[in-house]
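Asks: Structure provided below as structure tokens; questions to follow.
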Amino acid sequence: MLKKRIIPCLDIKDGRTVKGINFIGLRDAGDPVELAKKYVNDGADELVFLDITATLEGRKTLIELVEKLSLEINIPFTIGGGISSVDDVEALLKAGADKVSINSAAVRRPELVQEIAQQFGNQCVVVAIDTKNIDGEDYVFINGGKIKTELKTIDWVKTVTELGAGEILLTSMDFDGTKNGFDTRMLKNISQICQLPIIASGGAGKMEDFTEVFSETTATGALAASIFHFNEIKISDLKENLKQNKIAIR
């Protein structure tokens with residue numbers, strides 16, 4: 001069994017870390033490089049950086065930020081936002097990223113998943129999925145949660161798995177920023193049809209939420225933002241708590 005990972009997520013807008021609730025109402029959370037260094041010292045296993053307005057604004061992810069991060073931190077990190085081609089991925093990996101996260105671009109052109117996997121290996125392709133429950137059905141949203149697609153989340157997970165994704169970053173828009181716990185229902189449904197490593201995202205509010213998601217689902221990673229950014233939970237304390245609850249962590 002894969003050991004569980006604790007993964008802070010840094011949403012980047014205009015070069016700053018921001019955080020909102022249900023994908024809206026953003027507030028400043030600090031300098032991404034300084035936060036990243038803090039998380040390394042606190043014991044984070046990986047980091048995820050998402051340039052959350054890159055797709056909306058038609059920009060590329062900030063290469064300069066990736067270069068700075070690669071010099072300052074020594075744990076794996078994933079970059080997402082505005083990635084739409086193999087060339088984009090190559091530039092980010094050369095700048096120092098370990099993995100890339102694709103979301104809207106993959107929905108618009110699913111072959112991109114396969115192209116990246118074939119050129120750079122499955123291990124560097126993280127497909128991020130923003131999902132929301134509407135009238136009892138789970139649907140995929142794109143463009144930073146702004147646009148609903150007709151893709152059902154389960155079907156999309158099956159598709160990207162077949163195309164060569166190495167990992168799924170599953171964000172529940174219903175739970176995002178609420179601090180009411182992870183969407184275990186959704187995660188259980190996904191785990192029944194997907195053998196890939198799954199990162200649970202959206203809803204972490206207390207230590208028990210991490211114990212629950214690791215105990216009740218097959219998620220191999222748990223991602224959170226505001227509780228770490230605003231010092232509500234310290235990663236070292238969280239890991240100690242998980243060990244006490246007999247959760248195998250890195």
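Numbering starts fresh at 1 for the residues of each chain in the structure tokens, the chains themselves are lettered A, B, ... in the order given, and ligands are numbered from 1 as they appear.
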Counting only C-alpha atoms, which residues in region 17-132 of chain A sit no more than 12 Å from region 182-186 of chain A? For each one, give the nearest pair of atoms and the distance in Å, sorted by chain then residue number, as CSV.
Replies:
residue,atom,partner,partner_atom,distance
A:Ile129,CA,A:Met186,CA,11.9
A:Asp130,CA,A:Met186,CA,11.6
A:Thr131,CA,A:Met186,CA,9.0
A:Lys132,CA,A:Met186,CA,9.6
Asks: Find the spatial neighbours of region 225-236 of chain A, counting only C-alpha atoms, within a cut-off of 8 Å - ignore same-chain residues fewer than 4 positions away - and output them as a ChimeraX atom specification.
Replies: /A:6,8-10,19,29-30,35,39,42-44,177,204-207,240
Asks: Store the residues picked out above, limited to C-alpha atoms, as an mmCIF file, in the first residue's frame.
Replies:
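part_7.cif, freshly written:
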data_model
loop_
_atom_site.group_PDB
_atom_site.id
_atom_site.type_symbol
_atom_site.label_atom_id
_atom_site.label_comp_id
_atom_site.auth_asym_id
_atom_site.auth_seq_id
_atom_site.Cartn_x
_atom_site.Cartn_y
_atom_site.Cartn_z
ATOM 1 C CA ILE A 6 0.193 15.566 2.906
ATOM 2 C CA PRO A 8 -0.269 21.894 0.619
ATOM 3 C CA CYS A 9 -1.776 23.633 -2.400
ATOM 4 C CA LEU A 10 -0.826 27.160 -3.341
ATOM 5 C CA LYS A 19 -7.516 31.275 -1.169
ATOM 6 C CA ALA A 29 -2.264 34.294 1.737
ATOM 7 C CA GLY A 30 1.325 35.360 1.135
ATOM 8 C CA LEU A 35 5.223 29.633 1.945
ATOM 9 C CA TYR A 39 6.035 23.853 4.163
ATOM 10 C CA ASP A 42 7.153 21.672 8.344
ATOM 11 C CA GLY A 43 7.353 18.249 6.660
ATOM 12 C CA ALA A 44 5.128 18.502 3.587
ATOM 13 C CA GLY A 177 -13.030 25.966 1.409
ATOM 14 C CA ALA A 204 -10.167 19.979 4.952
ATOM 15 C CA GLY A 205 -10.826 21.794 8.212
ATOM 16 C CA LYS A 206 -9.458 19.700 11.055
ATOM 17 C CA MET A 207 -7.052 16.824 11.649
ATOM 18 C CA GLU A 240 1.982 13.009 14.322
#
Asks: Skip region 158-175 of chain A itself and residues of its chain fewer than 3 positions away, then list as a PyMOL selection string all residues within 7 Å of it, counting only C-alpha atoms.
Replies: chain A and resi 22+113-114+117+122-132+154-155+178+180+182-183+194+196-203
Asks: Would you save the residues of that selection, restricted to C-alpha atoms, as a PDB file, in the first residue's frame?
Replies:
ATOM      1  CA  ASN A  22     -16.244  27.366  -3.300  1.00  0.00           C
ATOM      2  CA  VAL A 113      -2.989  13.615 -21.759  1.00  0.00           C
ATOM      3  CA  GLN A 114      -1.702  10.875 -24.022  1.00  0.00           C
ATOM      4  CA  ALA A 117       2.418  10.703 -21.033  1.00  0.00           C
ATOM      5  CA  ASN A 122       2.810   8.815 -16.993  1.00  0.00           C
ATOM      6  CA  GLN A 123       4.347   9.759 -13.662  1.00  0.00           C
ATOM      7  CA  CYS A 124       4.470  13.455 -14.534  1.00  0.00           C
ATOM      8  CA  VAL A 125       0.846  13.779 -15.740  1.00  0.00           C
ATOM      9  CA  VAL A 126      -1.604  14.845 -13.043  1.00  0.00           C
ATOM     10  CA  VAL A 127      -5.133  15.330 -14.332  1.00  0.00           C
ATOM     11  CA  ALA A 128      -6.937  17.811 -12.126  1.00  0.00           C
ATOM     12  CA  ILE A 129     -10.705  17.416 -12.048  1.00  0.00           C
ATOM     13  CA  ASP A 130     -13.034  20.024 -10.563  1.00  0.00           C
ATOM     14  CA  THR A 131     -16.311  18.266  -9.824  1.00  0.00           C
ATOM     15  CA  LYS A 132     -19.697  19.420  -8.596  1.00  0.00           C
ATOM     16  CA  ILE A 154     -16.887   9.092 -13.367  1.00  0.00           C
ATOM     17  CA  ASP A 155     -16.749   8.880 -17.173  1.00  0.00           C
ATOM     18  CA  THR A 178     -15.931  24.892   3.647  1.00  0.00           C
ATOM     19  CA  ASN A 180     -16.502  20.477   6.601  1.00  0.00           C
ATOM     20  CA  PHE A 182     -13.428  15.876   2.318  1.00  0.00           C
ATOM     21  CA  ASP A 183     -16.047  14.570  -0.108  1.00  0.00           C
ATOM     22  CA  CYS A 194      -9.842   3.960 -10.809  1.00  0.00           C
ATOM     23  CA  LEU A 196      -4.491   5.472 -10.082  1.00  0.00           C
ATOM     24  CA  PRO A 197      -3.199   7.428  -7.086  1.00  0.00           C
ATOM     25  CA  ILE A 198      -5.886   9.940  -6.105  1.00  0.00           C
ATOM     26  CA  ILE A 199      -5.273  13.231  -4.321  1.00  0.00           C
ATOM     27  CA  ALA A 200      -8.316  14.334  -2.327  1.00  0.00           C
ATOM     28  CA  SER A 201      -8.927  18.076  -2.462  1.00  0.00           C
ATOM     29  CA  GLY A 202     -11.564  20.386  -1.034  1.00  0.00           C
ATOM     30  CA  GLY A 203     -12.986  20.616   2.464  1.00  0.00           C
TER      31      GLY A 203
END
Asks: Point out the residue among A:Gln118, A:Ser70, A:Ser84, A:Gln195 with the least atom-to-atom distance to Val100 (chain A), counting only C-alpha atoms.
Replies: A:Ser84
Asks: Find, counting only C-alpha atoms, the residue in A:Leu50, A:Leu71, A:Leu65, A:Ala219 that gets nearest to Ile83 (chain A).
Replies: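 Among the listed residues, A:Leu50 lies closest to Ile83 (chain A).
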Asks: Run DSSP on the backbone and grab whatever in region 143-191 of chain A lands in helix (DSSP H, G or I); send it over as number ranges by chain.
Replies: A: 153-163, 184-191
Asks: Give the strand (DSSP E) residues of region 19-246 of chain A, as DSSP finds them on the backbone, and put them as a ChimeraX atom specification.
Replies: /A:19-21,24-30,47-51,77-80,99-102,125-134,137-142,147-152,167-172,198-201,221-224
Asks: What does the file look like for those residues with C-alpha atoms, as a PDB file, in the first residue's frame?
Replies:
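What landed in selection35.pdb:
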ATOM      1  CA  LYS A  19      -7.516  31.275  -1.169  1.00  0.00           C
ATOM      2  CA  GLY A  20     -11.301  31.426  -1.453  1.00  0.00           C
ATOM      3  CA  ILE A  21     -14.424  29.403  -0.624  1.00  0.00           C
ATOM      4  CA  ILE A  24     -14.796  32.498  -5.106  1.00  0.00           C
ATOM      5  CA  GLY A  25     -14.010  35.288  -2.616  1.00  0.00           C
ATOM      6  CA  LEU A  26     -10.215  35.163  -2.892  1.00  0.00           C
ATOM      7  CA  ARG A  27      -7.985  36.617  -0.181  1.00  0.00           C
ATOM      8  CA  ASP A  28      -4.218  37.027  -0.039  1.00  0.00           C
ATOM      9  CA  ALA A  29      -2.264  34.294   1.737  1.00  0.00           C
ATOM     10  CA  GLY A  30       1.325  35.360   1.135  1.00  0.00           C
ATOM     11  CA  LEU A  47       3.488  20.795  -3.103  1.00  0.00           C
ATOM     12  CA  VAL A  48       0.990  21.804  -5.767  1.00  0.00           C
ATOM     13  CA  PHE A  49       1.022  25.247  -7.384  1.00  0.00           C
ATOM     14  CA  LEU A  50      -1.944  26.278  -9.500  1.00  0.00           C
ATOM     15  CA  ASP A  51      -1.962  29.518 -11.473  1.00  0.00           C
ATOM     16  CA  PHE A  77       6.155  19.863  -6.777  1.00  0.00           C
ATOM     17  CA  THR A  78       3.433  20.009  -9.388  1.00  0.00           C
ATOM     18  CA  ILE A  79       2.588  23.041 -11.510  1.00  0.00           C
ATOM     19  CA  GLY A  80      -0.735  23.732 -13.214  1.00  0.00           C
ATOM     20  CA  LYS A  99       4.888  17.064 -12.483  1.00  0.00           C
ATOM     21  CA  VAL A 100       2.309  19.085 -14.382  1.00  0.00           C
ATOM     22  CA  SER A 101      -1.381  19.391 -13.681  1.00  0.00           C
ATOM     23  CA  ILE A 102      -3.789  19.788 -16.586  1.00  0.00           C
ATOM     24  CA  VAL A 125       0.846  13.779 -15.740  1.00  0.00           C
ATOM     25  CA  VAL A 126      -1.604  14.845 -13.043  1.00  0.00           C
ATOM     26  CA  VAL A 127      -5.133  15.330 -14.332  1.00  0.00           C
ATOM     27  CA  ALA A 128      -6.937  17.811 -12.126  1.00  0.00           C
ATOM     28  CA  ILE A 129     -10.705  17.416 -12.048  1.00  0.00           C
ATOM     29  CA  ASP A 130     -13.034  20.024 -10.563  1.00  0.00           C
ATOM     30  CA  THR A 131     -16.311  18.266  -9.824  1.00  0.00           C
ATOM     31  CA  LYS A 132     -19.697  19.420  -8.596  1.00  0.00           C
ATOM     32  CA  ASN A 133     -22.872  17.520  -7.779  1.00  0.00           C
ATOM     33  CA  ILE A 134     -25.941  18.786  -9.620  1.00  0.00           C
ATOM     34  CA  GLU A 137     -25.045  13.680 -10.774  1.00  0.00           C
ATOM     35  CA  ASP A 138     -21.365  14.626 -10.566  1.00  0.00           C
ATOM     36  CA  TYR A 139     -20.178  16.854 -13.409  1.00  0.00           C
ATOM     37  CA  VAL A 140     -16.791  18.168 -14.510  1.00  0.00           C
ATOM     38  CA  PHE A 141     -16.237  21.945 -14.493  1.00  0.00           C
ATOM     39  CA  ILE A 142     -13.501  23.836 -16.321  1.00  0.00           C
ATOM     40  CA  ILE A 147     -17.947  26.516 -16.812  1.00  0.00           C
ATOM     41  CA  LYS A 148     -19.997  23.338 -16.402  1.00  0.00           C
ATOM     42  CA  THR A 149     -19.382  20.629 -18.990  1.00  0.00           C
ATOM     43  CA  GLU A 150     -21.660  17.749 -19.915  1.00  0.00           C
ATOM     44  CA  LEU A 151     -18.931  15.314 -18.841  1.00  0.00           C
ATOM     45  CA  LYS A 152     -19.879  13.126 -15.918  1.00  0.00           C
ATOM     46  CA  GLU A 167      -2.512  10.619 -11.009  1.00  0.00           C
ATOM     47  CA  ILE A 168      -5.890  12.262 -10.361  1.00  0.00           C
ATOM     48  CA  LEU A 169      -6.264  15.475  -8.364  1.00  0.00           C
ATOM     49  CA  LEU A 170      -9.949  15.459  -7.484  1.00  0.00           C
ATOM     50  CA  THR A 171     -11.381  18.707  -6.130  1.00  0.00           C
ATOM     51  CA  SER A 172     -14.932  18.770  -4.830  1.00  0.00           C
ATOM     52  CA  ILE A 198      -5.886   9.940  -6.105  1.00  0.00           C
ATOM     53  CA  ILE A 199      -5.273  13.231  -4.321  1.00  0.00           C
ATOM     54  CA  ALA A 200      -8.316  14.334  -2.327  1.00  0.00           C
ATOM     55  CA  SER A 201      -8.927  18.076  -2.462  1.00  0.00           C
ATOM     56  CA  GLY A 221      -2.767  12.090  -0.895  1.00  0.00           C
ATOM     57  CA  ALA A 222      -4.741  14.815   0.852  1.00  0.00           C
ATOM     58  CA  LEU A 223      -4.431  18.369  -0.331  1.00  0.00           C
ATOM     59  CA  ALA A 224      -5.322  21.484   1.630  1.00  0.00           C
TER      60      ALA A 224
END
Asks: CA of Gly136 (chain A) and CA of Asp176 (chain A), how far apart in Å?
Replies: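 Here the two named atoms are 18.0 Å from each other.
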Asks: For a test of reading the model, state the distance in Å between CA of Val107 (chain A) and CA of Pro76 (chain A), rounded to one decimal.
Replies: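 Taking CA of Val107 (chain A) and CA of Pro76 (chain A), their separation equals 25.3 Å.
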Asks: Would you mind listing what lies within 7 Å of Val66 (chain A) as a ChimeraX atom specification, with only C-alpha atoms counted and same-chain residues fewer than 3 positions away left out?
Replies: /A:62-63,69-70,95-97
Asks: Pick the closest to Ala36 (chain A) from A:Asp87, A:Glu72, A:Asp135, A:Glu67: which is it, counting only C-alpha atoms?
Replies: A:Glu72
Asks: Can you list, as a VMD selection string, every protein, DNA or RNA residue that comes within 8 Å of Arg250 (chain A) when you count only C-alpha atoms, leaving out same-chain residues fewer than 6 positions away?
Replies: chain A and resid 3 to 5 45
Asks: Pull C-alpha atoms from the residues just selected and write them as an mmCIF file, in the first residue's frame.
Replies:
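Result written to again_0.cif:
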data_model
loop_
_atom_site.group_PDB
_atom_site.id
_atom_site.type_symbol
_atom_site.label_atom_id
_atom_site.label_comp_id
_atom_site.auth_asym_id
_atom_site.auth_seq_id
_atom_site.Cartn_x
_atom_site.Cartn_y
_atom_site.Cartn_z
ATOM 1 C CA LYS A 3 2.057 5.634 2.098
ATOM 2 C CA LYS A 4 -0.178 8.675 2.415
ATOM 3 C CA ARG A 5 0.992 12.153 1.439
ATOM 4 C CA ASP A 45 5.542 15.541 1.228
#
Asks: So the first atom is CA of Leu242 (chain A) and the second is CA of Asp98 (chain A); what is the distance between them in Å, to one decimal place?
Replies: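 Here the two named atoms are 26.1 Å from each other.
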Asks: Considering only C-alpha atoms, state which residue in the set A:Gln119, A:Asn41, A:Asn143, A:Asn103 is at the smallest distance from Val157 (chain A).
Replies: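 Of all the options, A:Asn103 lies closest to Val157 (chain A).
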